Structures are given as structure tokens and as C-alpha cells.
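What follows is a single structure, written as C-alpha cells, with notes after it.
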Amino acid sequence: MKFGAVIKGALYAGLKRFIKDRQDNHKWDDNDEADFIRALESELDKVVQFQESKIAELSSQIAEYETQVKALIVRARPRDNTISGPPTPSASTSNLPESAAQEGDEEQDHPDDGSDSDDEEFEDRFVDLEEDLANVIADVHDLGHFSHLNYTGFVKIVKKHDKKTGFELRGQFMREFLTKRPFYKENYDAIIVQLSRLYNLVRTRGHPVMGDSSAGGSQSAFVRATTKYWVHPDNYVQLKLVILKHLPVLVFNPDKPFEQADAAISSIYFDNEPLDLYLGRLEKTEGAEAIRMRWYGGMDVKTIFVERKTHREDWTGEKSVKARFPIKEDVLNAFLSGEHTMDETFEALRKKGKKSDKEVDSMLKLAREVQAAVKIKRLGPVMRTFYNRTAFQLPGDARVRISFDTQLSLIREDNWDGATRAGNNWRRTDIGIDFPFDQLPASDKELFPYGVLEVKLQTQMGQEPPEWVRELVSSHLVEAVPKFSKFIHGCATLLPNRVDLVPFWLPQMDTDIRKPATQKASITRPVASHSVTNSGTPSDGLEGYTEPVSDDEDNETDRNKAIAVDEAGWADLPAQAAAEAKAFRDENAGKAEPSRPTKASKPQEIFTKLTPANLTRLLDSKFSGDVDRDLNTGNGPADGVNGSGFSAVGGRVEYVSSFRPPTGKRVAIPVRVEPKVFFANERTMLSWIEFSVVVSAIGIGILSFSEPHDDIALAAAASFTAVALMGIVYSGYTFIWRVYKIRNREAVNYHDWFGPSFLCGVLLLAVIVNFSLRAKAGF
């Protein structure tokens, strides 16, 4: 389907018609170009104004809902106190409006005798508010989709203009028009943070989970699993909205209004000219380290975190760890050069009691080891990573932690090619957090085209992850990329002359990761949604998307309707034949067999409450409808495979089985090497030698117990001894070859299909020759 069949509104089709009408009358000239630019600017202004007004409307709507929710929580709090005792202060009620607090006091002074009916009333009110907020979430999703579609429409129409008219407008449009109206850069983070906090209050009925965000719960035996995914920009907003329905956005200071700088995270990775740390992290060698300086926020932040990540293989029984300590920015250069130590700073923390002895000793050890590594390995700033992070987690519960990084930028910090970047400083100072860093040359930066989603699960032994997490990671929104590293990707792309070994995902960067949309992890409105919410607040959300067509495209919906009405026209049949066929079908449809009564079609059911029973019925009906639809369309296994290697049939994915690395590069395939692999190789060699010794013993035995001048016994002994010697030589060669390949972590075929077969064949031949000669000599 062409783009014109899915773009909303008359923007694309109207401007396309403008070009076509002018060209039909005369050749495109300067006046036509000026009129087209004015029409383009007018449409662009309309989109920008609509987006701004809708954002303001949604923000006002969320603020109004927040007032209602907090008032409802205050009213419900006295009844909770009669059951559970005095309330504990929480962030959800500490900043309630004064009027809401007074209303709660009045309720407490005059309790209602009908507590059961009041509880049901409060529950119904919370259910209505949850439904209203679900509609708001759908509105935000639609608005994000609207912005993306219109941006794509503008780019497409300008491209078509350049192709049809011969005038070049694309460069000017991107530089001047979109730069002044960057509506497509809106990420809706402020609304999402505000909506997440409110939705969490309603979902938990005013009792949000409180606690330390770094806590790990009371689990004694658990399994940690971390997986990384790529997310296409088309799916950013939808992914965030899907997650916030289950996990709130983690905000460290809820009383502070959200600013974009609060989500910024920058890191400076250190390495030497041979890129030893890069190779160690890429090959996953035991003890491989990554040293970085990280700060949160803008360039005015004074506290920097010195971090070291250490990789541990599973066979060691240890886990990969990340340790860090804070340091002031003004002494960081002196610390890295060895002129300043952290001993006095950490000892002061010990004396003040802010850190335990164990924590202070650990930070002292880490600071000394990092300082020694920088000096001995000659480490310096190499790569900067910048991104905006949205973290989702229940405070005090680390079982499910999700972070989503967008606007990922990789920037060179080294001075190796003669250009002065960081200089003698620990970071370059000519940039900040001003994405997309237009002041930098293209050779100094790599703007990663996707978002990076990281899912960290901490579950008990034998426990499955939450169902919504499994549905999310198996949906069309994400593409799994195990072991993805921002530092490794930056070095591989920005330092091509120094890197020969590249990560396995690098050759796949040109592959489109978008997949056909599925029902998993989708944003839908409640079944009982309505134009005016129960709270009395109008929800004038975005209207449903239609599928208008361009001038040269057919409307599939209208065509289907015409097919149903005018069978003679679309089937190219005479009117009488079509009428006879329709009458015959109607007659057969009306005849039902007595033994097999026809089932009456069920009317569409609308459930006002999503109870488990109603949800089961809804899913069953949806599943049966999908199955029938798939059977009617006749989609085969090989239908609908697009050029990106993914199947267009929902639920099916076709993965690329092989790919070629860039010219002159080698791809690092993840290979796990454990000590038991070396031991298994040694055991295999010893088994071969043991077998060879037995065969040689047979040969020596034949020679020892045979009569003098027995040529047949001599020949048999010689053949068995030769087979034994060949086995020993072959086993030694195979052992050395395998050790070399394992140490180099080469992904080769270690299965030996030649040696055992050859050995058995030669041994069988020796036995046959021995018996043949004895039979010929008459025993």
C-alpha cells in the first residue's frame, strides 16, 4: 500500500493535487514554486498549532484529573484508617490541596454508617478514573502517531515535489522550515512523567509503593537477567505508554517539575591507543574492565561518578559487577594524573558516619585501582555517550527494572589523529547536552538511529517473568540485540582505522527493524469509552484515523463495498448470471440441515467492567475472529515477506541466518569459553592415547607369543603397532589444534568426524589381513 493510503487528513493528498493541477496547465515556474512554498508553510503551521493546542489541552486535563484523584484519596483515607490504623505519610498525600485535606477532615469527623456502600462507590470512582486516564493515554499515543505521520508526509511531498518539478526544495525545507518548527522532535516526556505518576496513584487506589529504588526486596534466592533491545523511533511513544500502565516512571525528586536535562546521562569512556579495554569487552574475556566518568544532567553538574565495570565468566561463580564512587569535577583531572587521592575525602565520610567501614574500604580500594589502571595502561578519554533515559521501576522493588534510552549519541574524545578534542582535560568542553550536536563534524559523532531498551528481571528460582513483560519483548515494538554495548558500538563506528574486530550487530545496522504491527503491547481505548468522561471533563481526543487515498490510488474500502453491491460489475458477468448465482447462494444459505443446526451469530458484546470472566470472553471472541480472518485470506507460510527479512504475516518473523562484515573487518561472535572445555579436550586426548596403548599392546603380545620366523605374526604385530602410532600422532595434533582455536575463541566446528572413522577402518583392515594370512597358511 502506498503512503497516500495511510496518511491522515488532506495534507499529503492536497499538496500532491496542487502539484499535479499546476503541471497539467503549464510548466512549473517560479510563481508556482512560491505558491507551493506558501501552501507548504500554511500546512506546517496548522500541524504545529494543532500539536501545541493538544499538548496544552492534555496537560490541563491531566492536572484536573490529578486534583480529582487527590481529593478522592483524602476522602477514602479516613475509612482506610478505621481498618489499618493511622496512615503513614506518603508522597501521594503529602502535597494534597488544602481544600481536599479539609474535606477529608470533615469526612473523618462525620463517618458514614454505610461503609460497604461507600467502599463500592470509591472503587467505582477509581475504576471510572482509570478508564478516563486510559483514554488520555490513548490520546497521547494518537498525538504521537499524528506527529510522526505528518512529518513523514511533509518529507514525502517535498521529495515528490523535487522529483516532479525539477526545483530543489528538500535541503531548504529541512534547514529552514523544520528547524523553526521542530514539531517532530517532541517526545512527550513531560506529559508521560505527569501521566505516569497519576496513573500509578489510581491503579494502586492511592497507596503507591514506597521505598528505596535501589532495594532488591527480601528474596534470598533469585536470578538476574538483563536483555537489551532496539526500538525504532516510530514506536517510542507507544512503548513508553505501554510500560507506564504497569510500572511508574522512576523520578528521584517528585516535587521538582520535570525538565529535559533531568533525563540526560553522559559518560566518558577511557581506553588506550591499542584499545585494550575495547577488545576485552568485545571478546568478553575474564576480568575485562570498562572505566568511565558519568554525570547526570547538564555541564554545570559538579559531582562526577567514577565507575568501573568488570566482566566475570559464569564458571568463576562470580557475577559481573559495577562499582563507583563520587568525586568533585574540579579535582578529577588531578585524580587521574595521580596528584590527588581520595583517602582524606572517604575517611571524612567514615568519621561522620555517613558510610559504613565496609563501604569506605571498598571505595578506597576502587579509587586506588582505577588510579593505578589509568597510569599503568596509559588510559585517556576516548568515547562519550549521551542519551536521555526514561526509567520505569516500582520504588523499593527491583524485580522488574526497565530503562529506555533515546537520542543516543556517540562522540569522539581522543586526540590520536592530531585533532584536539579533550586535550589535557578529562572531557571536551566544546559541547554539552545540546543534541544533535550540530557544531561537531560528522566524523566526530555517530547518532544512533534507534532507542535502546534494557529490561532487568530479578525473579525467584523457577519463577516466570510477568506476563506483560513477556508480551512486550515479543511484540513488534522491539528487536532483541543481546550484549549490545554503547561503548563498543561507538569505537567500532568512529575509529574504523584502529578497529579490526567489530561487534556482531554492526553488519545489521542497514536492516530495517520495523515489523508488522500485532495485537501484543498495543494501546487501545476501554471498551466502554465515551466522548464525555464520567468525571465531567470533556475528552475531545483525536478522532479515529481514516485512510484517505491519493489521486492515483484506489480506495480499497470503497472497492470492497462496491464488490458486495455490484457483483456483476467486479466479476465481469452478465447481470442475469450474477442474479442467478446470488439467488442460488441465498437459497442454499437458507437450507439448514436438521442434524446440524446453524448457529446464530452472536451480537457484539460490550463489557462495562473488565472482570476476569468478561476479559476471557473478549479474548476468545477476538481470537476466533482472527483465526477465521486468517483462514479466509489464505495466508501461506511464504506470504508477505518484506525486503527487511521479516514476514508481513502477524506473529511470524524471518531472521537473517548469515551476513557479511564490512570490508577488512572481522565480526566478533559471542563465544563462551569455560575451563571445562579445556578439560574435555584433555580427556578426549587421553582416551585416544589409552585406546592406542591397548592396540599397541595387542601388537606386542602377538609378536611376543608367536614362534620364531613367523612372518604372518610379524606382519600382524607391525600393522597393530602402526595403527597405535597413527592414533597417538593424530590425537596429539588434534589436541594442539583445538587448544589453539579455543584460546582464540574461534567459532569453528570442533566435531571430529574423520579421526574415529579412519581409526576404526584401519584397525578393521589390520584384523582382516591377519585372519586372511592365517587362513591362507592353513592355521
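Labels for the C-alpha cells follow display order: chains A, B, ..., residues from 1 in each chain, ligands from 1.
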- Item | Residues of stretch 417-487 of chain A in strand (DSSP E), written as a PyMOL selection string | chain A and resi 445-447+451-460+479-480
Can you write out the residues you just picked, keeping C-alpha atoms, as a PDB file, in the first residue's frame?
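Final output, again.pdb:
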ATOM      1  CA  LYS A 445      29.844  11.877  16.116  1.00  0.00           C
ATOM      2  CA  GLU A 446      27.567   8.927  15.467  1.00  0.00           C
ATOM      3  CA  LEU A 447      23.838   9.489  16.014  1.00  0.00           C
ATOM      4  CA  GLY A 451      16.364   3.744  21.047  1.00  0.00           C
ATOM      5  CA  VAL A 452      17.869   1.207  23.450  1.00  0.00           C
ATOM      6  CA  LEU A 453      15.528  -0.635  25.804  1.00  0.00           C
ATOM      7  CA  GLU A 454      17.082  -2.540  28.696  1.00  0.00           C
ATOM      8  CA  VAL A 455      14.944  -4.973  30.685  1.00  0.00           C
ATOM      9  CA  LYS A 456      16.359  -6.175  34.012  1.00  0.00           C
ATOM     10  CA  LEU A 457      14.481  -9.007  35.678  1.00  0.00           C
ATOM     11  CA  GLN A 458      15.159 -10.368  39.134  1.00  0.00           C
ATOM     12  CA  THR A 459      12.937 -13.388  39.730  1.00  0.00           C
ATOM     13  CA  GLN A 460      12.939 -16.249  42.151  1.00  0.00           C
ATOM     14  CA  GLU A 479      14.167  -6.038  18.332  1.00  0.00           C
ATOM     15  CA  ALA A 480      16.383  -8.112  20.620  1.00  0.00           C
TER      16      ALA A 480
END
- Message: Just want the 12 Å neighbourhood of stretch 416-424 of chain A, counted on only C-alpha atoms, with same-chain residues fewer than 6 positions away dropped. Output as JSON, numbers by chain.
- Response: {"A": [268, 270, 271, 272, 273, 274, 275, 332, 333, 334, 336, 337, 380, 381, 382, 383, 384, 430, 431, 440, 441, 443, 444, 494, 495, 497, 498]}
- Please indicate the distance in Å from atom CA of A:Tyr236 to atom CA of A:Ile402, rounded to one decimal place.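 Atom-to-atom, atom CA of A:Tyr236 and atom CA of A:Ile402 are spaced 13.9 Å apart.
For the pair atom CA of A:His232 and atom CA of A:Tyr450, the separation is 5.1 Å.
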- Task: Find the spatial neighbours of A:Ala717, counting only C-alpha atoms, within a cut-off of 8 Å - ignore same-chain residues fewer than 6 positions away - and output them as a ChimeraX atom specification.
- Result: /A:698-703
Give me a file of those residues, with all heavy atoms, as a short mmCIF file (atom, residue, chain, number, x, y, z; two decimals), in the first residue's frame.
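out_8.cif, freshly written:
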data_model
loop_
_atom_site.label_atom_id
_atom_site.label_comp_id
_atom_site.auth_asym_id
_atom_site.auth_seq_id
_atom_site.Cartn_x
_atom_site.Cartn_y
_atom_site.Cartn_z
N ILE A 698 48.29 -55.14 22.01
CA ILE A 698 47.89 -56.32 21.23
C ILE A 698 48.98 -56.70 20.23
O ILE A 698 49.32 -57.87 20.06
CB ILE A 698 46.55 -56.03 20.52
CG1 ILE A 698 45.43 -55.85 21.55
CG2 ILE A 698 46.21 -57.15 19.55
CD1 ILE A 698 44.11 -55.44 20.94
N GLY A 699 49.53 -55.70 19.57
CA GLY A 699 50.60 -55.99 18.60
C GLY A 699 51.84 -56.58 19.25
O GLY A 699 52.44 -57.54 18.73
N ILE A 700 52.23 -56.01 20.40
CA ILE A 700 53.41 -56.55 21.12
C ILE A 700 53.12 -57.96 21.61
O ILE A 700 54.00 -58.84 21.59
CB ILE A 700 53.78 -55.61 22.27
CG1 ILE A 700 54.24 -54.25 21.71
CG2 ILE A 700 54.86 -56.22 23.14
CD1 ILE A 700 54.50 -53.21 22.77
N GLY A 701 51.88 -58.20 22.06
CA GLY A 701 51.53 -59.55 22.53
C GLY A 701 51.60 -60.57 21.42
O GLY A 701 52.08 -61.70 21.63
N ILE A 702 51.10 -60.18 20.25
CA ILE A 702 51.19 -61.12 19.11
C ILE A 702 52.63 -61.43 18.78
O ILE A 702 53.01 -62.58 18.52
CB ILE A 702 50.47 -60.50 17.89
CG1 ILE A 702 48.97 -60.38 18.16
CG2 ILE A 702 50.75 -61.32 16.64
CD1 ILE A 702 48.21 -59.70 17.05
N LEU A 703 53.49 -60.43 18.79
CA LEU A 703 54.90 -60.63 18.46
C LEU A 703 55.62 -61.46 19.54
O LEU A 703 56.49 -62.30 19.24
CB LEU A 703 55.59 -59.28 18.29
CG LEU A 703 57.06 -59.30 17.86
CD1 LEU A 703 57.19 -59.94 16.46
CD2 LEU A 703 57.63 -57.89 17.84
#
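For the pair atom CA of A:Leu143 and atom CA of A:Thr179, the separation is 20.2 Å.
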- Item | Selected residue, from A:Ser42, A:Thr310, A:Thr524, A:Thr285, that lies nearest to A:Ala134 when counting only C-alpha atoms | A:Thr524
- Message: Taking 5 positions as the minimum chain separation for residues in the same chain, which residues sit within 9 Å of A:Leu763 when counting only C-alpha atoms? Answer as number ranges by chain.
- Response: A: 695, 719-720, 723, 758, 768
- DSSP helix (DSSP H, G or I) residues within stretch 422-478 of chain A, as a list in words: Ala442, Ser443, Asp444, Glu467, Trp468, Val469, Arg470, Glu471, Leu472 and Val473 of chain A
- Item | Close residues, A:Pro248 itself excluded, 10 Å, only C-alpha atoms, min 5 positions apart in chain, as a PyMOL selection string | chain A and resi 192-201+208-209+243+391-395
- Item | Surrounding residues of A:His145 excluding itself and chain neighbours under 5 positions, 9 Å, only C-alpha atoms, as a list of chain:residue names |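 So, after excluding close chain neighbours, the residues are A:Val140, A:Asn150, A:Asp234, A:Asn235, A:Val237, A:Gln238.
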- Compile the contact shell of A:Ile712 as a list in words: residues with an atom at most 9 Å away, counting only C-alpha atoms, same-chain residues fewer than 2 positions apart removed.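 Answer for this query is His709, Asp710, Leu714, Ala715, Ala716, Ala717, Asn770, Leu773, Arg774 and Ala777 of chain A.
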